[in-house]
$ cat target_33.cif   # mmCIF, C-alpha atoms
data_data
loop_
_atom_site.group_PDB
_atom_site.id
_atom_site.type_symbol
_atom_site.label_atom_id
_atom_site.label_comp_id
_atom_site.auth_asym_id
_atom_site.auth_seq_id
_atom_site.Cartn_x
_atom_site.Cartn_y
_atom_site.Cartn_z
ATOM 1 C CA MET L 11 37.880 -52.707 -39.586
ATOM 2 C CA LEU L 12 34.283 -53.758 -38.867
ATOM 3 C CA VAL L 13 34.626 -52.636 -35.214
ATOM 4 C CA ILE L 14 35.915 -49.196 -36.236
ATOM 5 C CA THR L 15 33.100 -48.772 -38.746
ATOM 6 C CA SER L 16 30.512 -49.772 -36.125
ATOM 7 C CA VAL L 17 31.940 -47.296 -33.605
ATOM 8 C CA LEU L 18 31.905 -44.488 -36.178
ATOM 9 C CA ILE L 19 28.294 -45.247 -37.137
ATOM 10 C CA ALA L 20 27.253 -45.304 -33.463
ATOM 11 C CA ALA L 21 29.083 -42.032 -32.781
ATOM 12 C CA GLY L 22 27.398 -40.434 -35.800
ATOM 13 C CA ALA L 23 23.993 -41.595 -34.577
ATOM 14 C CA VAL L 24 24.608 -40.113 -31.122
ATOM 15 C CA ILE L 25 25.696 -36.779 -32.615
ATOM 16 C CA ALA L 26 22.636 -36.750 -34.904
ATOM 17 C CA LEU L 27 20.355 -37.343 -31.899
ATOM 18 C CA LEU L 28 22.033 -34.549 -29.944
ATOM 19 C CA ILE L 29 21.643 -32.134 -32.850
ATOM 20 C CA HIS L 30 17.984 -33.130 -33.249
ATOM 21 C CA TYR L 31 17.293 -32.813 -29.505
ATOM 22 C CA GLU L 32 18.784 -29.328 -29.286
ATOM 23 C CA LYS L 33 16.696 -28.143 -32.273
ATOM 24 C CA ALA L 34 13.475 -29.709 -31.016
ATOM 25 C CA ILE L 35 11.836 -27.079 -28.820
ATOM 26 C CA PRO L 36 8.763 -28.564 -27.113
ATOM 27 C CA PRO L 37 5.521 -26.743 -28.016
ATOM 28 C CA LEU L 38 4.949 -25.724 -24.365
ATOM 29 C CA LEU L 39 8.037 -23.541 -24.522
ATOM 30 C CA ALA L 40 6.784 -21.375 -27.342
ATOM 31 C CA SER L 41 3.816 -19.698 -25.695
ATOM 32 C CA ASP L 42 2.363 -21.392 -22.620
ATOM 33 C CA LEU L 43 4.942 -20.363 -20.016
ATOM 34 C CA PRO L 44 3.753 -17.434 -17.857
ATOM 35 C CA LYS L 45 5.671 -14.153 -17.954
ATOM 36 C CA ALA L 46 8.354 -13.700 -15.310
ATOM 37 C CA HIS L 47 8.205 -10.697 -13.005
ATOM 38 C CA SER L 48 11.940 -11.003 -12.324
ATOM 39 C CA VAL L 49 14.979 -13.202 -12.919
ATOM 40 C CA LEU L 50 17.413 -14.436 -10.274
ATOM 41 C CA VAL L 51 20.898 -15.783 -11.036
ATOM 42 C CA GLU L 52 22.748 -17.543 -8.233
ATOM 43 C CA LYS L 53 26.324 -17.823 -9.463
ATOM 44 C CA GLY L 54 27.486 -20.240 -6.758
ATOM 45 C CA GLU L 55 24.611 -22.585 -7.550
ATOM 46 C CA ARG L 56 25.020 -22.112 -11.327
ATOM 47 C CA ARG L 57 21.280 -21.458 -11.529
ATOM 48 C CA LEU L 58 18.981 -18.971 -13.257
ATOM 49 C CA SER L 59 15.413 -18.849 -11.953
ATOM 50 C CA LEU L 60 12.287 -17.242 -13.363
ATOM 51 C CA ILE L 61 10.182 -15.622 -10.643
ATOM 52 C CA ARG L 62 6.506 -14.733 -10.686
ATOM 53 C CA ASN L 63 4.570 -13.357 -7.703
ATOM 54 C CA GLY L 64 7.659 -13.857 -5.539
ATOM 55 C CA ASN L 65 7.940 -17.572 -6.319
ATOM 56 C CA VAL L 66 10.398 -19.475 -8.481
ATOM 57 C CA TYR L 67 8.473 -21.305 -11.186
ATOM 58 C CA ARG L 68 11.292 -22.419 -13.485
ATOM 59 C CA SER L 69 15.056 -22.924 -13.006
ATOM 60 C CA TYR L 70 17.939 -23.668 -15.366
ATOM 61 C CA ARG L 71 21.584 -24.626 -15.033
ATOM 62 C CA VAL L 72 23.934 -21.890 -16.280
ATOM 63 C CA SER L 73 27.526 -21.463 -17.313
ATOM 64 C CA LEU L 74 29.296 -18.254 -16.344
ATOM 65 C CA GLY L 75 32.449 -16.369 -17.175
ATOM 66 C CA GLY L 76 35.723 -18.286 -17.013
ATOM 67 C CA GLU L 77 36.590 -16.611 -13.661
ATOM 68 C CA PRO L 78 33.183 -16.693 -11.985
ATOM 69 C CA VAL L 79 34.069 -15.807 -8.376
ATOM 70 C CA GLY L 80 33.617 -12.144 -7.525
ATOM 71 C CA HIS L 81 31.967 -9.135 -9.142
ATOM 72 C CA LYS L 82 33.035 -8.003 -12.603
ATOM 73 C CA GLU L 83 35.587 -5.220 -12.177
ATOM 74 C CA ARG L 84 36.951 -4.579 -15.655
ATOM 75 C CA GLU L 85 36.795 -5.518 -19.311
ATOM 76 C CA GLY L 86 38.423 -8.893 -19.946
ATOM 77 C CA ASP L 87 38.401 -10.217 -16.358
ATOM 78 C CA LEU L 88 36.069 -13.104 -17.402
ATOM 79 C CA ARG L 89 33.789 -12.409 -14.428
ATOM 80 C CA THR L 90 30.013 -12.291 -14.439
ATOM 81 C CA PRO L 91 28.738 -9.147 -12.684
ATOM 82 C CA GLU L 92 26.801 -9.219 -9.435
ATOM 83 C CA GLY L 93 23.998 -6.873 -8.463
ATOM 84 C CA ARG L 94 20.621 -5.615 -9.615
ATOM 85 C CA TYR L 95 20.150 -4.807 -13.274
ATOM 86 C CA VAL L 96 17.444 -5.104 -15.941
ATOM 87 C CA LEU L 97 17.181 -7.165 -19.117
ATOM 88 C CA ASP L 98 16.851 -4.115 -21.300
ATOM 89 C CA TRP L 99 16.986 -5.391 -24.894
ATOM 90 C CA ARG L 100 17.150 -8.601 -26.897
ATOM 91 C CA ASN L 101 19.038 -9.868 -29.927
ATOM 92 C CA PRO L 102 17.429 -12.635 -32.002
ATOM 93 C CA GLU L 103 20.446 -12.582 -34.382
ATOM 94 C CA SER L 104 23.115 -13.056 -31.713
ATOM 95 C CA CYS L 105 26.370 -14.996 -32.159
ATOM 96 C CA CYS L 106 24.756 -17.383 -29.690
ATOM 97 C CA TYR L 107 21.241 -18.791 -29.831
ATOM 98 C CA LYS L 108 19.286 -15.638 -28.912
ATOM 99 C CA SER L 109 20.438 -13.231 -26.217
ATOM 100 C CA LEU L 110 19.031 -10.838 -23.621
ATOM 101 C CA HIS L 111 21.177 -7.863 -22.586
ATOM 102 C CA VAL L 112 21.933 -7.248 -18.900
ATOM 103 C CA SER L 113 22.123 -3.484 -18.167
ATOM 104 C CA TYR L 114 25.651 -3.790 -16.730
ATOM 105 C CA PRO L 115 27.578 -1.556 -16.130
ATOM 106 C CA GLY L 116 25.452 0.557 -13.827
ATOM 107 C CA ASP L 117 26.549 3.947 -12.511
ATOM 108 C CA ASP L 118 28.311 2.424 -9.476
ATOM 109 C CA ASP L 119 30.123 -0.095 -11.697
ATOM 110 C CA LYS L 120 31.350 2.730 -13.938
ATOM 111 C CA ARG L 121 32.453 4.882 -10.991
ATOM 112 C CA ILE L 122 34.366 2.071 -9.277
ATOM 113 C CA ALA L 123 36.063 1.033 -12.516
ATOM 114 C CA ALA L 124 37.044 4.650 -13.242
ATOM 115 C CA GLU L 125 38.507 5.032 -9.734
ATOM 116 C CA ARG L 126 40.724 2.022 -10.491
ATOM 117 C CA GLY L 127 41.609 3.280 -13.953
ATOM 118 C CA ASN L 128 39.694 0.457 -15.645
ATOM 119 C CA ASP L 129 37.102 0.064 -18.368
ATOM 120 C CA PRO L 130 34.169 -1.729 -16.657
ATOM 121 C CA GLY L 131 33.386 -3.778 -19.760
ATOM 122 C CA GLY L 132 29.891 -4.447 -20.944
ATOM 123 C CA LEU L 133 27.747 -6.391 -23.373
ATOM 124 C CA ILE L 134 26.835 -8.926 -20.691
ATOM 125 C CA MET L 135 24.097 -11.198 -22.002
ATOM 126 C CA VAL L 136 21.920 -14.113 -20.995
ATOM 127 C CA HIS L 137 22.274 -16.334 -24.053
ATOM 128 C CA GLY L 138 22.083 -19.820 -25.509
ATOM 129 C CA GLN L 139 24.923 -21.833 -27.004
ATOM 130 C CA GLU L 140 27.233 -20.525 -29.704
ATOM 131 C CA ASN L 141 25.565 -20.831 -33.101
ATOM 132 C CA GLY L 142 26.343 -24.168 -34.677
ATOM 133 C CA TRP L 143 27.391 -25.722 -31.364
ATOM 134 C CA GLY L 144 24.002 -26.080 -29.649
ATOM 135 C CA TRP L 145 24.251 -29.859 -29.810
ATOM 136 C CA LEU L 146 27.181 -29.590 -27.368
ATOM 137 C CA GLY L 147 25.067 -27.620 -24.882
ATOM 138 C CA TRP L 148 24.789 -30.540 -22.497
ATOM 139 C CA ILE L 149 28.605 -30.600 -22.181
ATOM 140 C CA ASN L 150 29.032 -26.818 -22.050
ATOM 141 C CA GLN L 151 26.710 -26.573 -19.050
ATOM 142 C CA PHE L 152 29.304 -28.354 -16.916
ATOM 143 C CA ARG L 153 32.023 -25.727 -17.408
ATOM 144 C CA ASP L 154 32.294 -21.934 -17.240
ATOM 145 C CA TRP L 155 33.150 -20.817 -20.754
ATOM 146 C CA THR L 156 31.754 -17.339 -21.415
ATOM 147 C CA HIS L 157 33.556 -13.983 -21.230
ATOM 148 C CA GLY L 158 31.249 -12.904 -18.386
ATOM 149 C CA CYS L 159 27.833 -13.759 -19.783
ATOM 150 C CA ILE L 160 25.249 -16.185 -18.462
ATOM 151 C CA ALA L 161 24.781 -19.131 -20.827
ATOM 152 C CA VAL L 162 22.012 -21.731 -20.895
ATOM 153 C CA ARG L 163 21.111 -24.523 -23.289
ATOM 154 C CA ASN L 164 19.173 -23.478 -26.377
ATOM 155 C CA ALA L 165 15.894 -25.069 -25.258
ATOM 156 C CA ALA L 166 16.169 -23.182 -21.959
ATOM 157 C CA MET L 167 16.954 -19.947 -23.822
ATOM 158 C CA GLU L 168 13.803 -20.381 -25.883
ATOM 159 C CA GLU L 169 11.765 -20.634 -22.671
ATOM 160 C CA ILE L 170 13.490 -17.659 -21.077
ATOM 161 C CA TRP L 171 13.159 -15.595 -24.274
ATOM 162 C CA ASN L 172 9.389 -16.141 -24.274
ATOM 163 C CA ALA L 173 8.926 -15.683 -20.517
ATOM 164 C CA VAL L 174 10.902 -12.443 -20.115
ATOM 165 C CA ASP L 175 9.836 -9.037 -21.411
ATOM 166 C CA ASP L 176 12.245 -6.165 -22.001
ATOM 167 C CA HIS L 177 12.976 -4.236 -18.771
ATOM 168 C CA THR L 178 12.463 -7.290 -16.555
ATOM 169 C CA PRO L 179 14.617 -6.939 -13.402
ATOM 170 C CA ILE L 180 17.494 -9.399 -12.989
ATOM 171 C CA GLU L 181 19.435 -9.921 -9.767
ATOM 172 C CA ILE L 182 22.795 -11.686 -9.975
ATOM 173 C CA ARG L 183 24.007 -13.020 -6.633
ATOM 174 C CA PRO L 184 27.379 -14.531 -5.705
#
$ encode --input "target_33.cif" --output "structure tokens"
Amino acid sequence: MLVITSVLIAAGAVIALLIHYEKAIPPLLASDLPKAHSVLVEKGERRLSLIRNGNVYRSYRVSLGGEPVGHKEREGDLRTPEGRYVLDWRNPESCCYKSLHVSYPGDDDKRIAAERGNDPGGLIMVHGQENGWGWLGWINQFRDWTHGCIAVRNAAMEEIWNAVDDHTPIEIRP
């Protein structure tokens, strides 16, 4: 019984540390990061990079849609789109820790989907972890779990949120 109690106490301590870590946003993140001129997502590398003056100055591991290979073709295909878009609006009250909207679908996406008789889908976001589950962010970054969005840990989302203005270009590559 003593061993089980010790294991439960240790597990509780680890979970408490993870929750604390995910809520603790270092002061640098709040205001000192320079503004990005563009954002690059490399799906195959599972990486989102902030770019300023043509140079990457910050990179983050991402999780993608559950079927990440290929361009998004229709609603519900669990793919993350590929192409050039803009981060056109933000939601501080998202179902996930903050979110930035990707302007998908573009005109070509809509036309191609219509030719196939499909709804192209939409509401593709760059976002943090699901609210209440941020402490699991370190695990979630090792699997593709979104419906087509680009997910980062909450601390990374805080940095990105502060470094990216509305209408910042985003390129999503295979």
$ resolve_selection --input "target_33.cif" --expression "the PyMOL selection byres ((chain L and resi 74) around 12)" --output "number ranges by chain"
L: 51-58, 71-73, 75-82, 88-92, 134-138, 150-162, 182, 184
$ resolve_selection --input "target_33.cif" --expression "the PyMOL selection byres ((chain L and resi 167) around 10)" --output "list in words"
Leu39, Tyr70, Tyr107, Lys108, Ser109, Leu110, Val136, His137, Gly138, Gln139, Ala161, Val162, Arg163, Asn164, Ala165, Ala166, Glu168, Glu169, Ile170, Trp171, Asn172 and Ala173 of chain L
$ closest_residue --input "target_33.cif" --among "L:Gly131, L:Pro44, L:Leu50, L:Gly64" --to "L:Tyr95" --atoms "all atoms listed in the file"
L:Leu50
$ residues_around --input "target_33.cif" --residues "L:Arg62" --least-positions-apart "5" --cutoff "10 Å" --atoms "all atoms listed in the file" --output "PDB file with C-alpha atoms, in the frame of the given file"
ATOM      1  CA  PRO L  44       3.753 -17.434 -17.857  1.00  0.00           C
ATOM      2  CA  LYS L  45       5.671 -14.153 -17.954  1.00  0.00           C
ATOM      3  CA  ALA L  46       8.354 -13.700 -15.310  1.00  0.00           C
ATOM      4  CA  HIS L  47       8.205 -10.697 -13.005  1.00  0.00           C
ATOM      5  CA  SER L  48      11.940 -11.003 -12.324  1.00  0.00           C
ATOM      6  CA  VAL L  49      14.979 -13.202 -12.919  1.00  0.00           C
ATOM      7  CA  TYR L  67       8.473 -21.305 -11.186  1.00  0.00           C
ATOM      8  CA  ARG L  68      11.292 -22.419 -13.485  1.00  0.00           C
TER       9      ARG L  68
END
$ axis_aligned_box --input "target_33.cif" --around "stretch 153-171 of chain L" --padding-each-side "8 Å" --output "AutoDock Vina command-line options"
--center_x 22.7 --center_y -19.3 --center_z -21.8 --size_x 37.8 --size_y 28.8 --size_z 25.1
$ atom_distance --input "target_33.cif" --atom1 "atom CA of L:His111" --atom2 "atom CA of L:Val66"
21.2 Å
$ atom_distance --input "target_33.cif" --atom1 "atom CA of L:Glu181" --atom2 "atom CA of L:Glu83"
17.0 Å
$ atom_distance --input "target_33.cif" --atom1 "atom CA of L:Ser104" --atom2 "atom CA of L:Pro130"
21.8 Å
$ closest_residue --input "target_33.cif" --among "L:Tyr114, L:Glu140, L:Arg100, L:Arg84" --to "L:Arg126" --atoms "only C-alpha atoms"
L:Arg84
$ closest_residue --input "target_33.cif" --among "L:Asn65, L:Asn101, L:Ser113, L:Asn128" --to "L:Pro179" --atoms "all atoms listed in the file"
L:Ser113
$ closest_residue --input "target_33.cif" --among "L:Asp42, L:Gly86, L:Val112, L:Trp99" --to "L:Asp129" --atoms "all atoms listed in the file"
L:Gly86
$ closest_residue --input "target_33.cif" --among "L:Cys105, L:Ala124, L:Val96, L:Leu133" --to "L:Val174" --atoms "only C-alpha atoms"
L:Val96
